[in-house]
>>> print(open('coords.txt').read())   # compact mmCIF, C-alpha atoms and all ligand atoms
# COMPACT_ATOMS: atom_id res chain seq x y z
CA MET A 88 -67.17 13.66 -4.13
CA ARG A 89 -69.41 16.55 -5.11
CA ASP A 90 -68.19 19.21 -7.41
CA MET A 91 -69.22 22.35 -5.53
CA SER A 92 -67.73 24.69 -8.11
CA GLU A 93 -70.07 23.34 -10.77
CA LYS A 94 -73.05 25.54 -11.48
CA ARG A 95 -76.33 23.61 -11.24
CA ARG A 96 -77.50 22.63 -14.71
CA ILE A 97 -80.08 20.33 -16.28
CA ILE A 98 -78.84 18.68 -19.46
CA PHE A 99 -80.68 16.35 -21.84
CA HIS A 100 -79.06 13.91 -24.23
CA LEU A 101 -81.27 12.46 -26.91
CA ASP A 102 -80.40 9.53 -29.16
CA MET A 103 -82.73 8.27 -31.87
CA ASP A 104 -83.52 4.55 -31.71
CA HIS A 105 -81.96 2.34 -34.43
CA PHE A 106 -81.98 5.46 -36.56
CA TYR A 107 -81.38 4.33 -40.17
CA THR A 108 -83.63 1.29 -39.90
CA ALA A 109 -86.32 3.27 -38.04
CA VAL A 110 -86.46 5.71 -40.95
CA GLU A 111 -86.65 2.83 -43.43
CA GLU A 112 -89.46 1.18 -41.46
CA ARG A 113 -91.38 4.41 -41.33
CA GLU A 114 -91.26 4.64 -45.12
CA ARG A 115 -92.24 0.98 -45.57
CA PRO A 116 -94.85 -0.19 -43.03
CA GLU A 117 -94.65 -3.74 -44.39
CA TYR A 118 -91.27 -4.07 -42.62
CA ALA A 119 -92.91 -3.76 -39.21
CA GLY A 120 -92.02 -6.56 -36.82
CA LYS A 121 -89.35 -8.02 -39.13
CA PRO A 122 -85.57 -7.88 -38.68
CA VAL A 123 -84.18 -5.07 -40.84
CA ILE A 124 -80.50 -4.38 -41.53
CA VAL A 125 -79.00 -1.35 -43.27
CA GLY A 126 -75.50 -1.91 -44.60
CA ALA A 127 -73.44 -3.27 -47.46
CA ASP A 128 -75.00 -5.64 -49.97
CA PRO A 129 -74.83 -9.11 -48.32
CA LYS A 130 -74.59 -10.94 -51.67
CA GLU A 131 -75.95 -14.17 -50.19
CA GLY A 132 -73.25 -14.17 -47.51
CA LYS A 133 -70.34 -13.29 -49.83
CA GLY A 134 -70.70 -9.52 -49.54
CA ARG A 135 -67.99 -7.28 -48.13
CA GLY A 136 -68.51 -4.23 -45.99
CA VAL A 137 -70.35 -3.83 -42.72
CA VAL A 138 -73.69 -3.38 -41.01
CA HIS A 139 -74.43 0.32 -40.44
CA THR A 140 -77.25 -0.46 -38.09
CA CYS A 141 -80.12 -2.87 -37.57
CA ASN A 142 -83.44 -2.77 -35.80
CA TYR A 143 -84.07 -4.39 -32.42
CA GLU A 144 -85.64 -7.50 -34.02
CA ALA A 145 -82.33 -8.12 -35.84
CA ARG A 146 -80.38 -7.44 -32.63
CA LYS A 147 -82.16 -10.44 -31.09
CA PHE A 148 -80.19 -12.58 -33.57
CA GLY A 149 -76.92 -10.99 -32.42
CA VAL A 150 -76.54 -8.58 -35.35
CA ARG A 151 -74.74 -5.31 -34.43
CA SER A 152 -73.46 -2.07 -36.01
CA GLY A 153 -69.98 -2.43 -37.49
CA MET A 154 -70.22 -6.21 -37.89
CA PRO A 155 -69.19 -7.65 -41.30
CA ILE A 156 -72.31 -8.02 -43.42
CA SER A 157 -71.30 -11.64 -44.14
CA LYS A 158 -71.53 -12.40 -40.41
CA ALA A 159 -74.95 -10.71 -40.22
CA TRP A 160 -76.08 -12.96 -43.07
CA LYS A 161 -74.96 -16.04 -41.11
CA LEU A 162 -76.81 -14.88 -38.01
CA CYS A 163 -79.98 -13.76 -39.74
CA PRO A 164 -80.36 -14.67 -43.44
CA THR A 165 -84.09 -13.94 -43.37
CA ALA A 166 -83.66 -10.26 -42.45
CA ILE A 167 -84.59 -7.49 -44.84
CA TYR A 168 -81.26 -6.13 -46.13
CA LEU A 169 -81.21 -2.54 -47.32
CA GLN A 170 -78.48 -0.33 -48.72
CA PRO A 171 -78.22 3.04 -47.01
CA ASN A 172 -80.09 6.05 -48.27
CA PHE A 173 -77.97 8.75 -46.65
CA GLU A 174 -79.78 11.70 -48.21
CA LEU A 175 -83.01 10.55 -46.59
CA TYR A 176 -81.38 10.02 -43.18
CA ILE A 177 -79.73 13.44 -43.29
CA GLN A 178 -83.02 15.08 -44.20
CA VAL A 179 -84.90 13.33 -41.37
CA SER A 180 -82.05 14.13 -38.99
CA SER A 181 -82.28 17.82 -39.77
CA GLU A 182 -86.06 17.78 -39.22
CA VAL A 183 -85.57 16.14 -35.82
CA MET A 184 -82.85 18.65 -34.92
CA THR A 185 -85.15 21.54 -35.84
CA ILE A 186 -87.77 20.23 -33.41
CA LEU A 187 -85.17 19.86 -30.65
CA ARG A 188 -83.58 23.25 -31.15
CA ASN A 189 -86.88 24.91 -30.22
CA PHE A 190 -86.98 23.18 -26.84
CA ALA A 191 -83.55 24.19 -25.61
CA ASP A 192 -81.64 27.22 -24.37
CA LYS A 193 -78.54 25.81 -25.94
CA PHE A 194 -78.43 22.98 -28.42
CA GLU A 195 -75.61 20.84 -29.77
CA GLN A 196 -76.00 18.22 -32.44
CA TRP A 197 -73.67 15.26 -31.96
CA GLY A 198 -73.50 12.91 -34.89
CA ILE A 199 -76.46 12.23 -37.15
CA ASP A 200 -78.96 11.11 -34.51
CA GLU A 201 -77.86 12.58 -31.18
CA ALA A 202 -78.06 15.95 -29.51
CA PHE A 203 -77.40 17.64 -26.19
CA LEU A 204 -79.85 20.23 -24.89
CA ASP A 205 -79.13 22.63 -22.06
CA MET A 206 -82.53 22.89 -20.32
CA THR A 207 -81.37 24.76 -17.20
CA SER A 208 -83.65 27.76 -17.57
CA ARG A 209 -86.56 25.77 -19.04
CA ALA A 210 -86.93 23.29 -16.17
CA LYS A 211 -86.83 24.51 -12.58
CA ASP A 212 -86.28 20.99 -11.24
CA TYR A 213 -85.99 17.37 -12.35
CA GLY A 214 -89.77 16.88 -12.15
CA GLU A 215 -90.29 19.60 -14.72
CA ALA A 216 -87.41 18.20 -16.75
CA GLU A 217 -89.13 14.83 -16.95
CA VAL A 218 -92.35 16.43 -18.19
CA LEU A 219 -90.40 18.28 -20.89
CA ALA A 220 -88.54 15.13 -21.91
CA ARG A 221 -91.85 13.31 -22.38
CA GLN A 222 -93.13 16.23 -24.43
CA ILE A 223 -90.08 16.05 -26.71
CA LYS A 224 -90.51 12.30 -27.18
CA ARG A 225 -94.19 12.79 -28.01
CA GLU A 226 -93.51 15.56 -30.48
CA ILE A 227 -90.87 13.53 -32.35
CA LEU A 228 -93.21 10.56 -32.44
CA GLU A 229 -96.17 12.61 -33.70
CA ARG A 230 -94.26 14.67 -36.23
CA GLU A 231 -91.68 12.15 -37.45
CA ARG A 232 -93.16 8.80 -36.40
CA LEU A 233 -89.84 7.89 -34.78
CA THR A 234 -88.90 6.96 -31.23
CA CYS A 235 -85.88 8.13 -29.28
CA SER A 236 -84.28 7.67 -25.89
CA ILE A 237 -83.53 10.59 -23.58
CA GLY A 238 -81.17 10.88 -20.64
CA VAL A 239 -81.50 13.73 -18.16
CA GLY A 240 -78.71 14.67 -15.77
CA PRO A 241 -76.64 17.49 -14.28
CA ASN A 242 -74.09 17.41 -17.11
CA LYS A 243 -73.41 16.03 -20.60
CA LEU A 244 -71.55 12.96 -19.41
CA VAL A 245 -74.33 11.75 -17.13
CA ALA A 246 -77.05 12.66 -19.65
CA LYS A 247 -75.29 10.69 -22.38
CA ILE A 248 -74.85 7.58 -20.25
CA ALA A 249 -78.47 7.89 -19.08
CA SER A 250 -79.90 8.05 -22.63
CA ASP A 251 -78.22 4.71 -23.35
CA PHE A 252 -79.49 3.15 -20.12
CA GLN A 253 -82.96 2.13 -21.26
CA LYS A 254 -83.16 1.77 -25.00
CA PRO A 255 -85.27 1.80 -27.13
CA ASN A 256 -87.91 4.41 -26.33
CA GLY A 257 -86.33 5.11 -22.93
CA LEU A 258 -86.31 7.99 -20.50
CA THR A 259 -83.82 7.96 -17.64
CA VAL A 260 -83.61 10.84 -15.20
CA VAL A 261 -80.54 10.96 -12.94
CA ARG A 262 -80.78 13.61 -10.25
CA GLU A 263 -77.60 15.26 -9.06
CA GLU A 264 -77.66 13.41 -5.71
CA ASP A 265 -78.06 10.02 -7.46
CA VAL A 266 -75.23 10.39 -9.97
CA GLU A 267 -72.56 8.30 -8.24
CA LYS A 268 -75.02 5.55 -7.30
CA PHE A 269 -76.26 5.44 -10.91
CA LEU A 270 -72.76 5.22 -12.39
CA ALA A 271 -71.19 2.84 -9.84
CA PRO A 272 -72.21 -0.58 -11.27
CA LEU A 273 -71.71 0.34 -14.93
CA SER A 274 -68.70 -0.77 -16.99
CA VAL A 275 -65.92 1.81 -17.43
CA ARG A 276 -66.61 1.47 -21.17
CA LYS A 277 -69.71 3.60 -20.65
CA LEU A 278 -67.51 6.63 -19.96
CA LEU A 279 -66.84 8.82 -22.97
CA TRP A 280 -63.48 8.15 -24.54
CA VAL A 281 -62.82 4.91 -22.72
CA GLY A 282 -62.24 2.61 -25.66
CA ARG A 283 -61.48 -1.07 -25.80
CA LYS A 284 -57.73 -0.59 -25.27
CA THR A 285 -58.12 1.60 -22.20
CA GLU A 286 -60.75 -0.78 -20.87
CA GLN A 287 -58.20 -3.60 -21.15
CA LYS A 288 -55.46 -1.60 -19.43
CA LEU A 289 -57.85 -0.70 -16.61
CA ALA A 290 -58.87 -4.35 -16.23
CA GLU A 291 -55.19 -5.26 -15.79
CA ILE A 292 -55.08 -3.12 -12.65
CA GLY A 293 -58.37 -4.52 -11.41
CA ILE A 294 -60.72 -1.76 -12.59
CA LYS A 295 -63.89 -2.98 -14.28
CA THR A 296 -66.76 -0.84 -13.04
CA ILE A 297 -67.04 2.91 -12.73
CA ASP A 298 -67.15 2.37 -8.97
CA ASP A 299 -63.75 0.60 -9.10
CA LEU A 300 -62.38 3.61 -10.97
CA ALA A 301 -63.93 6.14 -8.60
CA HIS A 302 -62.20 4.49 -5.64
CA TYR A 303 -58.80 4.09 -7.24
CA ASP A 304 -55.87 6.30 -6.25
CA PRO A 305 -56.09 9.26 -8.66
CA THR A 306 -52.32 9.90 -8.58
CA VAL A 307 -51.66 6.35 -9.80
CA LEU A 308 -54.24 6.82 -12.55
CA THR A 309 -52.50 10.01 -13.64
CA GLU A 310 -49.10 8.26 -13.56
CA ASN A 311 -50.42 5.44 -15.76
CA PHE A 312 -52.68 7.34 -18.14
CA GLY A 313 -51.52 10.99 -18.00
CA MET A 314 -54.20 13.66 -18.43
CA MET A 315 -56.62 10.94 -19.51
CA GLY A 316 -56.19 9.32 -16.06
CA THR A 317 -57.21 12.53 -14.31
CA GLN A 318 -60.17 12.93 -16.67
CA MET A 319 -61.30 9.35 -16.13
CA TYR A 320 -61.18 9.76 -12.36
CA LEU A 321 -63.36 12.89 -12.52
CA MET A 322 -65.76 11.21 -14.96
CA ALA A 323 -66.07 8.22 -12.63
CA HIS A 324 -67.37 10.68 -10.04
CA GLY A 325 -69.84 12.03 -12.57
CA ILE A 326 -68.02 15.33 -13.00
CA ASP A 327 -68.04 17.01 -16.39
CA ARG A 328 -68.04 20.77 -16.81
CA SER A 329 -68.16 20.86 -20.60
CA GLU A 330 -70.79 23.20 -21.97
CA VAL A 331 -73.49 22.40 -24.49
CA GLN A 332 -71.98 24.20 -27.45
CA GLU A 333 -73.93 25.80 -30.19
CA ARG A 334 -72.00 24.98 -33.34
CA GLY A 335 -70.36 27.77 -35.27
CA GLU A 336 -71.00 28.43 -38.91
CA ILE A 337 -68.43 25.98 -40.27
CA LYS A 338 -70.07 22.59 -40.51
CA SER A 339 -67.42 20.74 -42.46
CA ILE A 340 -64.12 21.08 -44.29
CA SER A 341 -63.73 19.34 -47.61
CA ARG A 342 -61.47 19.01 -50.63
CA GLU A 343 -61.97 17.13 -53.84
CA THR A 344 -60.13 16.48 -57.09
CA THR A 345 -61.22 15.38 -60.53
CA PHE A 346 -58.55 13.26 -62.21
CA GLU A 347 -57.26 14.57 -65.50
CA GLU A 348 -57.91 11.11 -66.84
CA ASP A 349 -60.26 8.59 -65.21
CA THR A 350 -58.18 5.94 -63.45
CA ALA A 351 -58.55 2.50 -61.89
CA ASP A 352 -54.96 2.57 -60.59
CA ALA A 353 -55.21 2.15 -56.81
CA THR A 354 -51.77 3.68 -56.18
CA ILE A 355 -52.63 6.86 -58.02
CA VAL A 356 -55.99 7.15 -56.26
CA LEU A 357 -54.51 6.57 -52.80
CA ASN A 358 -51.71 9.08 -53.40
CA VAL A 359 -54.21 11.73 -54.35
CA LEU A 360 -56.33 10.75 -51.35
CA ASP A 361 -53.32 11.27 -49.03
CA LYS A 362 -52.69 14.65 -50.60
CA LEU A 363 -56.33 15.67 -50.03
CA SER A 364 -56.04 14.44 -46.42
CA GLU A 365 -53.06 16.74 -45.95
CA GLU A 366 -54.92 19.72 -47.41
CA VAL A 367 -57.95 19.09 -45.21
CA HIS A 368 -55.65 18.68 -42.22
CA GLU A 369 -53.95 22.01 -42.85
CA GLU A 370 -57.34 23.67 -42.85
CA VAL A 371 -58.33 21.82 -39.64
CA LEU A 372 -55.21 23.19 -37.92
CA SER A 373 -55.64 26.71 -39.23
CA GLN A 374 -59.28 26.78 -38.04
CA ASN A 375 -58.19 25.36 -34.66
CA ILE A 376 -60.89 22.72 -34.60
CA HIS A 377 -61.28 19.00 -33.98
CA PHE A 378 -63.51 16.60 -35.90
CA ARG A 379 -65.18 13.24 -35.36
CA THR A 380 -66.43 12.24 -38.80
CA VAL A 381 -64.49 11.57 -41.99
CA THR A 382 -66.38 11.05 -45.25
CA VAL A 383 -65.07 10.15 -48.66
CA LYS A 384 -66.74 10.72 -51.99
CA ILE A 385 -65.95 8.56 -54.99
CA ARG A 386 -67.32 9.23 -58.43
CA TYR A 387 -66.74 6.59 -61.07
CA GLU A 388 -66.70 7.37 -64.78
CA HIS A 389 -70.32 7.87 -65.93
CA PHE A 390 -70.91 9.85 -62.71
CA GLU A 391 -72.07 7.07 -60.40
CA THR A 392 -71.25 8.69 -57.06
CA HIS A 393 -70.81 7.13 -53.63
CA THR A 394 -70.26 8.78 -50.27
CA ARG A 395 -69.25 6.84 -47.23
CA GLY A 396 -68.43 8.17 -43.78
CA LYS A 397 -67.20 7.01 -40.43
CA THR A 398 -67.71 8.67 -37.09
CA LEU A 399 -64.76 8.03 -34.82
CA PRO A 400 -65.30 7.25 -31.13
CA PHE A 401 -63.21 10.32 -30.24
CA VAL A 402 -62.63 13.88 -31.40
CA THR A 403 -59.28 14.41 -33.08
CA ASP A 404 -57.23 16.82 -35.18
CA ARG A 405 -54.58 14.34 -36.25
CA LEU A 406 -53.54 13.85 -39.86
CA GLN A 407 -53.16 10.11 -39.40
CA ASP A 408 -56.82 9.81 -38.35
CA ILE A 409 -57.93 11.52 -41.56
CA LYS A 410 -55.53 9.51 -43.71
CA ARG A 411 -56.23 6.10 -42.22
CA THR A 412 -59.99 6.55 -42.12
CA ALA A 413 -60.15 7.95 -45.65
CA ARG A 414 -58.03 5.09 -46.99
CA ALA A 415 -60.13 2.46 -45.23
CA LEU A 416 -63.36 4.04 -46.47
CA THR A 417 -62.06 4.23 -50.04
CA GLN A 418 -60.64 0.71 -50.21
CA PRO A 419 -63.89 -1.08 -51.17
CA TYR A 420 -64.34 1.26 -54.14
CA LEU A 421 -60.95 0.45 -55.67
CA LYS A 422 -61.70 -2.12 -58.32
CA PRO A 423 -59.47 -2.95 -61.29
CA ASP A 424 -62.43 -2.68 -63.67
CA ARG A 425 -63.92 0.56 -62.29
CA LYS A 426 -62.33 3.80 -63.35
CA ILE A 427 -62.60 6.69 -60.91
CA ARG A 428 -63.30 10.18 -62.12
CA LEU A 429 -63.34 12.17 -58.88
CA ILE A 430 -62.39 11.68 -55.28
CA GLY A 431 -63.10 13.85 -52.24
CA ILE A 432 -62.69 14.00 -48.46
CA ARG A 433 -64.77 15.80 -45.86
CA VAL A 434 -64.36 16.10 -42.12
CA SER A 435 -67.42 17.08 -40.11
CA ASN A 436 -68.90 16.88 -36.62
CA LEU A 437 -66.57 19.72 -35.71
CA VAL A 438 -65.70 20.95 -32.25
CA SER A 439 -63.73 24.06 -31.45
CA ALA A 440 -60.34 22.91 -30.13
CA LYS A 441 -60.09 25.63 -27.52
CA LYS A 442 -63.38 24.69 -25.90
CA GLN A 443 -62.63 20.99 -26.11
CA LYS A 444 -59.78 21.41 -23.62
CA THR A 445 -62.23 22.48 -20.93
CA LEU A 446 -63.99 19.13 -20.97
CA VAL A 447 -63.39 18.61 -17.26
P1 LIG B 1 -76.31 4.90 -33.09
O1 LIG B 1 -77.13 5.92 -32.37
O2 LIG B 1 -75.03 4.44 -32.44
O3 LIG B 1 -77.17 3.59 -33.36
P2 LIG B 1 -78.70 3.44 -33.73
O4 LIG B 1 -79.42 4.75 -33.69
O5 LIG B 1 -78.79 2.72 -35.03
O6 LIG B 1 -79.22 2.46 -32.61
P3 LIG B 1 -79.54 2.78 -31.08
O7 LIG B 1 -81.00 2.50 -30.90
O8 LIG B 1 -78.67 1.82 -30.30
O9 LIG B 1 -79.18 4.22 -30.84
O10 LIG B 1 -75.93 5.43 -34.52
C1 LIG B 1 -76.80 6.24 -35.30
C2 LIG B 1 -76.71 5.89 -36.76
O11 LIG B 1 -75.35 6.00 -37.19
C3 LIG B 1 -77.12 4.46 -37.05
O12 LIG B 1 -78.52 4.34 -37.28
C4 LIG B 1 -76.29 4.13 -38.26
C5 LIG B 1 -75.05 4.98 -38.14
N1 LIG B 1 -73.92 4.14 -37.68
C6 LIG B 1 -73.06 3.61 -38.64
O13 LIG B 1 -73.21 3.88 -39.83
N2 LIG B 1 -72.03 2.80 -38.23
C7 LIG B 1 -71.82 2.48 -36.90
O14 LIG B 1 -70.88 1.72 -36.56
C8 LIG B 1 -72.72 3.03 -35.92
C9 LIG B 1 -72.54 2.71 -34.46
C10 LIG B 1 -73.75 3.85 -36.37
MG MG B 2 -79.21 6.06 -32.08
>>> encode(input="coords.txt", output="structure tokens", more="lines below")
Ligand code: TTP
Ligand code: MG
Amino acid sequence: MRDMSEKRRIIFHLDMDHFYTAVEERERPEYAGKPVIVGADPKEGKGRGVVHTCNYEARKFGVRSGMPISKAWKLCPTAIYLQPNFELYIQVSSEVMTILRNFADKFEQWGIDEAFLDMTSRAKDYGEAEVLARQIKREILERERLTCSIGVGPNKLVAKIASDFQKPNGLTVVREEDVEKFLAPLSVRKLLWVGRKTEQKLAEIGIKTIDDLAHYDPTVLTENFGMMGTQMYLMAHGIDRSEVQERGEIKSISRETTFEEDTADATIVLNVLDKLSEEVHEEVLSQNIHFRTVTVKIRYEHFETHTRGKTLPFVTDRLQDIKRTARALTQPYLKPDRKIRLIGIRVSNLVSAKKQKTLV
């Protein structure tokens, strides 16, 4: 099934390899070759919180992003455990993005370490595209001493799946005519927005691979999954018309409050947090945008400040996503003996809602 109405494009998706730990290793050459984990303090296996990321040496022990840090400790107690230095990662991210922006006609940052580049007018064919992709990889390595993986394809969906195909330090080029063959054997989970629940529902009707999905009756998919069913069917055929979107000026929406009196009362803090979620949500609706990342800021008395964020696997504009995520992020900071002075919420990774609808 070819999508004849789709204008021919060449899109790159770039994803930095084990980003946080790669930055840490760059700063500390003595870490080279050792398992490194960035996340919560493991406290000899008793720590709470999760692994943000780990390098490929640590992945050999089974450690993964999002895993409880206590489990990581069980799997790999000899790893180097580091607490995140977000300011550094954001700074390096913006340097990488500046390099990338210069290569592309249109550029869209996606999360801290990913970007889409529309290269249609820069590369006349896939051969030229491959040369440019190598040049980008070389430039990032020379200027930032970091490796990345790039996927090249006729649209964002294929490019994103391709960048994940050979990691780390990968380059995967999927020409238009090879798209369906490339996608066929992969798990449906590789498709954007197919989460664990949808994967399970699809498995119940015998769909495991993208090929299974591509050959399923699209009307039954739509009956079972609504609009999402139609979208999944098109994605399984490698069709995605969404544009690489230059971001507008608004980068985030945030609200914060300083308590009149510092408080360690969890109920008070969570009530205020809910109120801030509602204010941020009102602004989200009035700006007609969706977001992917929710970040909370907690300042204890004496000004010790923490920020912690979570990027959701989907874009959303729902209040409950802000509320739930903000509450979960704040929970570890609520301690009976630590008084909080200020609390704040930010949503970022914004997408214009109107454009989002034209995903397929
Ligand atoms: P990813 O690109 O998903 O992961 P990665 O760059 O660490 O590893 P890979 O080589 O597989 O691309 O995420 C980018 C950064 O975002 C990652 O370095 C840390 C952060 N992150 C979290 O904080 N929590 C998470 O659950 C994930 C997945 C990432
Ligand atoms: Mg990455």
>>> residues_near_ligand(input="coords.txt", ligand="ligand MG 2 (chain B)", cutoff="7 Å", atoms="all atoms listed in the file", output="ChimeraX atom specification")
/A:102-106,200-201
>>> residues_near_ligand(input="coords.txt", ligand="ligand LIG 1 (chain B)", cutoff="10 Å", atoms="only C-alpha atoms and all ligand atoms", output="NGL selection string")
:A and (101-110 or 124-126 or 137-143 or 146 or 151-154 or 171 or 173 or 176 or 197-201 or 234-236 or 250-251 or 253-257 or 395-400)
>>> residues_around(input="coords.txt", residues="Leu219 (chain A)", least_positions_apart="3", cutoff="12 Å", atoms="all atoms listed in the file", output="MDAnalysis selection string")
chainID A and resid 97:99 187 189:191 204 206:207 209:216 222:226 237:239 258 260
>>> write_last_selection(input="coords.txt", atoms="C-alpha atoms", output="short mmCIF file (atom, residue, chain, number, x, y, z; two decimals), in the coordinates of the input")
data_model
loop_
_atom_site.label_atom_id
_atom_site.label_comp_id
_atom_site.auth_asym_id
_atom_site.auth_seq_id
_atom_site.Cartn_x
_atom_site.Cartn_y
_atom_site.Cartn_z
CA ILE A 97 -80.08 20.33 -16.28
CA ILE A 98 -78.84 18.68 -19.46
CA PHE A 99 -80.68 16.35 -21.84
CA LEU A 187 -85.17 19.86 -30.65
CA ASN A 189 -86.88 24.91 -30.22
CA PHE A 190 -86.98 23.18 -26.84
CA ALA A 191 -83.55 24.19 -25.61
CA LEU A 204 -79.85 20.23 -24.89
CA MET A 206 -82.53 22.89 -20.32
CA THR A 207 -81.37 24.76 -17.20
CA ARG A 209 -86.56 25.77 -19.04
CA ALA A 210 -86.93 23.29 -16.17
CA LYS A 211 -86.83 24.51 -12.58
CA ASP A 212 -86.28 20.99 -11.24
CA TYR A 213 -85.99 17.37 -12.35
CA GLY A 214 -89.77 16.88 -12.15
CA GLU A 215 -90.29 19.60 -14.72
CA ALA A 216 -87.41 18.20 -16.75
CA GLN A 222 -93.13 16.23 -24.43
CA ILE A 223 -90.08 16.05 -26.71
CA LYS A 224 -90.51 12.30 -27.18
CA ARG A 225 -94.19 12.79 -28.01
CA GLU A 226 -93.51 15.56 -30.48
CA ILE A 237 -83.53 10.59 -23.58
CA GLY A 238 -81.17 10.88 -20.64
CA VAL A 239 -81.50 13.73 -18.16
CA LEU A 258 -86.31 7.99 -20.50
CA VAL A 260 -83.61 10.84 -15.20
#
>>> atom_distance(input="coords.txt", atom1="CA of Leu406 (chain A)", atom2="CA of Phe378 (chain A)")
11.1 Å
>>> closest_residue(input="coords.txt", among="A:Tyr320, A:Tyr420, A:Phe252, A:Phe312", to="Val356 (chain A)", atoms="all atoms listed in the file")
A:Tyr420
>>> axis_aligned_box(input="coords.txt", around="region 262-280 of chain A", padding_each_side="5 Å", output="lines of an AutoDock Vina configuration file")
center_x = -72.1
center_y = 7.2
center_z = -15.1
size_x = 27.3
size_y = 26.0
size_z = 28.8
>>> closest_residue(input="coords.txt", among="A:Asp424, A:Glu310, A:Asp128, A:Glu195", to="Asp349 (chain A)", atoms="only C-alpha atoms")
A:Asp424
>>> atom_distance(input="coords.txt", atom1="CA of Glu286 (chain A)", atom2="CA of Ser274 (chain A)")
8.8 Å
>>> residues_around(input="coords.txt", residues="Val367 (chain A)", least_positions_apart="5", cutoff="7 Å", atoms="only C-alpha atoms", output="ChimeraX atom specification")
/A:340-342
>>> residues_around(input="coords.txt", residues="Tyr118 (chain A)", least_positions_apart="4", cutoff="10 Å", atoms="all atoms listed in the file", output="PDB file with C-alpha atoms, in the coordinates of the input")
ATOM      1  CA  THR A 108     -83.630   1.290 -39.900  1.00  0.00           C
ATOM      2  CA  ALA A 109     -86.320   3.270 -38.040  1.00  0.00           C
ATOM      3  CA  GLU A 111     -86.650   2.830 -43.430  1.00  0.00           C
ATOM      4  CA  GLU A 112     -89.460   1.180 -41.460  1.00  0.00           C
ATOM      5  CA  ARG A 113     -91.380   4.410 -41.330  1.00  0.00           C
ATOM      6  CA  GLU A 114     -91.260   4.640 -45.120  1.00  0.00           C
ATOM      7  CA  PRO A 122     -85.570  -7.880 -38.680  1.00  0.00           C
ATOM      8  CA  VAL A 123     -84.180  -5.070 -40.840  1.00  0.00           C
ATOM      9  CA  ALA A 166     -83.660 -10.260 -42.450  1.00  0.00           C
ATOM     10  CA  ILE A 167     -84.590  -7.490 -44.840  1.00  0.00           C
TER      11      ILE A 167
END
>>> residues_near_point(input="coords.txt", point="(-71.3, 9.1, -68.2)", cutoff="12 Å", atoms="only C-alpha atoms", output="ChimeraX atom specification")
/A:349,386-392,426-428
>>> atom_distance(input="coords.txt", atom1="CA of Ala246 (chain A)", atom2="CA of Thr309 (chain A)")
25.4 Å
>>> build_atoms(input="coords.txt", residues="region 420-429 of chain A", atoms="N, CA, C and O atoms", output="PDB file, in the frame of the given file")
ATOM      1  N   TYR A 420     -63.963   0.708 -52.829  1.00  0.00           N
ATOM      2  CA  TYR A 420     -64.340   1.260 -54.140  1.00  0.00           C
ATOM      3  C   TYR A 420     -63.232   1.100 -55.178  1.00  0.00           C
ATOM      4  O   TYR A 420     -63.394   1.473 -56.324  1.00  0.00           O
ATOM      5  N   LEU A 421     -62.068   0.605 -54.733  1.00  0.00           N
ATOM      6  CA  LEU A 421     -60.950   0.450 -55.670  1.00  0.00           C
ATOM      7  C   LEU A 421     -61.073  -0.904 -56.343  1.00  0.00           C
ATOM      8  O   LEU A 421     -60.830  -1.934 -55.738  1.00  0.00           O
ATOM      9  N   LYS A 422     -61.506  -0.862 -57.587  1.00  0.00           N
ATOM     10  CA  LYS A 422     -61.700  -2.120 -58.320  1.00  0.00           C
ATOM     11  C   LYS A 422     -60.998  -1.993 -59.656  1.00  0.00           C
ATOM     12  O   LYS A 422     -61.118  -0.959 -60.308  1.00  0.00           O
ATOM     13  N   PRO A 423     -60.255  -3.044 -60.062  1.00  0.00           N
ATOM     14  CA  PRO A 423     -59.470  -2.950 -61.290  1.00  0.00           C
ATOM     15  C   PRO A 423     -60.306  -2.586 -62.522  1.00  0.00           C
ATOM     16  O   PRO A 423     -59.801  -2.011 -63.480  1.00  0.00           O
ATOM     17  N   ASP A 424     -61.607  -2.934 -62.479  1.00  0.00           N
ATOM     18  CA  ASP A 424     -62.430  -2.680 -63.670  1.00  0.00           C
ATOM     19  C   ASP A 424     -63.310  -1.440 -63.520  1.00  0.00           C
ATOM     20  O   ASP A 424     -64.179  -1.206 -64.344  1.00  0.00           O
ATOM     21  N   ARG A 425     -63.096  -0.640 -62.441  1.00  0.00           N
ATOM     22  CA  ARG A 425     -63.920   0.560 -62.290  1.00  0.00           C
ATOM     23  C   ARG A 425     -63.046   1.801 -62.267  1.00  0.00           C
ATOM     24  O   ARG A 425     -62.296   2.025 -61.318  1.00  0.00           O
ATOM     25  N   LYS A 426     -63.145   2.596 -63.300  1.00  0.00           N
ATOM     26  CA  LYS A 426     -62.330   3.800 -63.350  1.00  0.00           C
ATOM     27  C   LYS A 426     -62.961   4.916 -62.520  1.00  0.00           C
ATOM     28  O   LYS A 426     -64.181   5.131 -62.567  1.00  0.00           O
ATOM     29  N   ILE A 427     -62.110   5.599 -61.777  1.00  0.00           N
ATOM     30  CA  ILE A 427     -62.600   6.690 -60.910  1.00  0.00           C
ATOM     31  C   ILE A 427     -62.353   8.027 -61.588  1.00  0.00           C
ATOM     32  O   ILE A 427     -61.301   8.266 -62.188  1.00  0.00           O
ATOM     33  N   ARG A 428     -63.361   8.873 -61.477  1.00  0.00           N
ATOM     34  CA  ARG A 428     -63.300  10.180 -62.120  1.00  0.00           C
ATOM     35  C   ARG A 428     -62.931  11.270 -61.107  1.00  0.00           C
ATOM     36  O   ARG A 428     -62.180  12.190 -61.394  1.00  0.00           O
ATOM     37  N   LEU A 429     -63.521  11.125 -59.899  1.00  0.00           N
ATOM     38  CA  LEU A 429     -63.340  12.170 -58.880  1.00  0.00           C
ATOM     39  C   LEU A 429     -63.249  11.528 -57.507  1.00  0.00           C
ATOM     40  O   LEU A 429     -63.898  10.516 -57.241  1.00  0.00           O
TER      41      LEU A 429
END
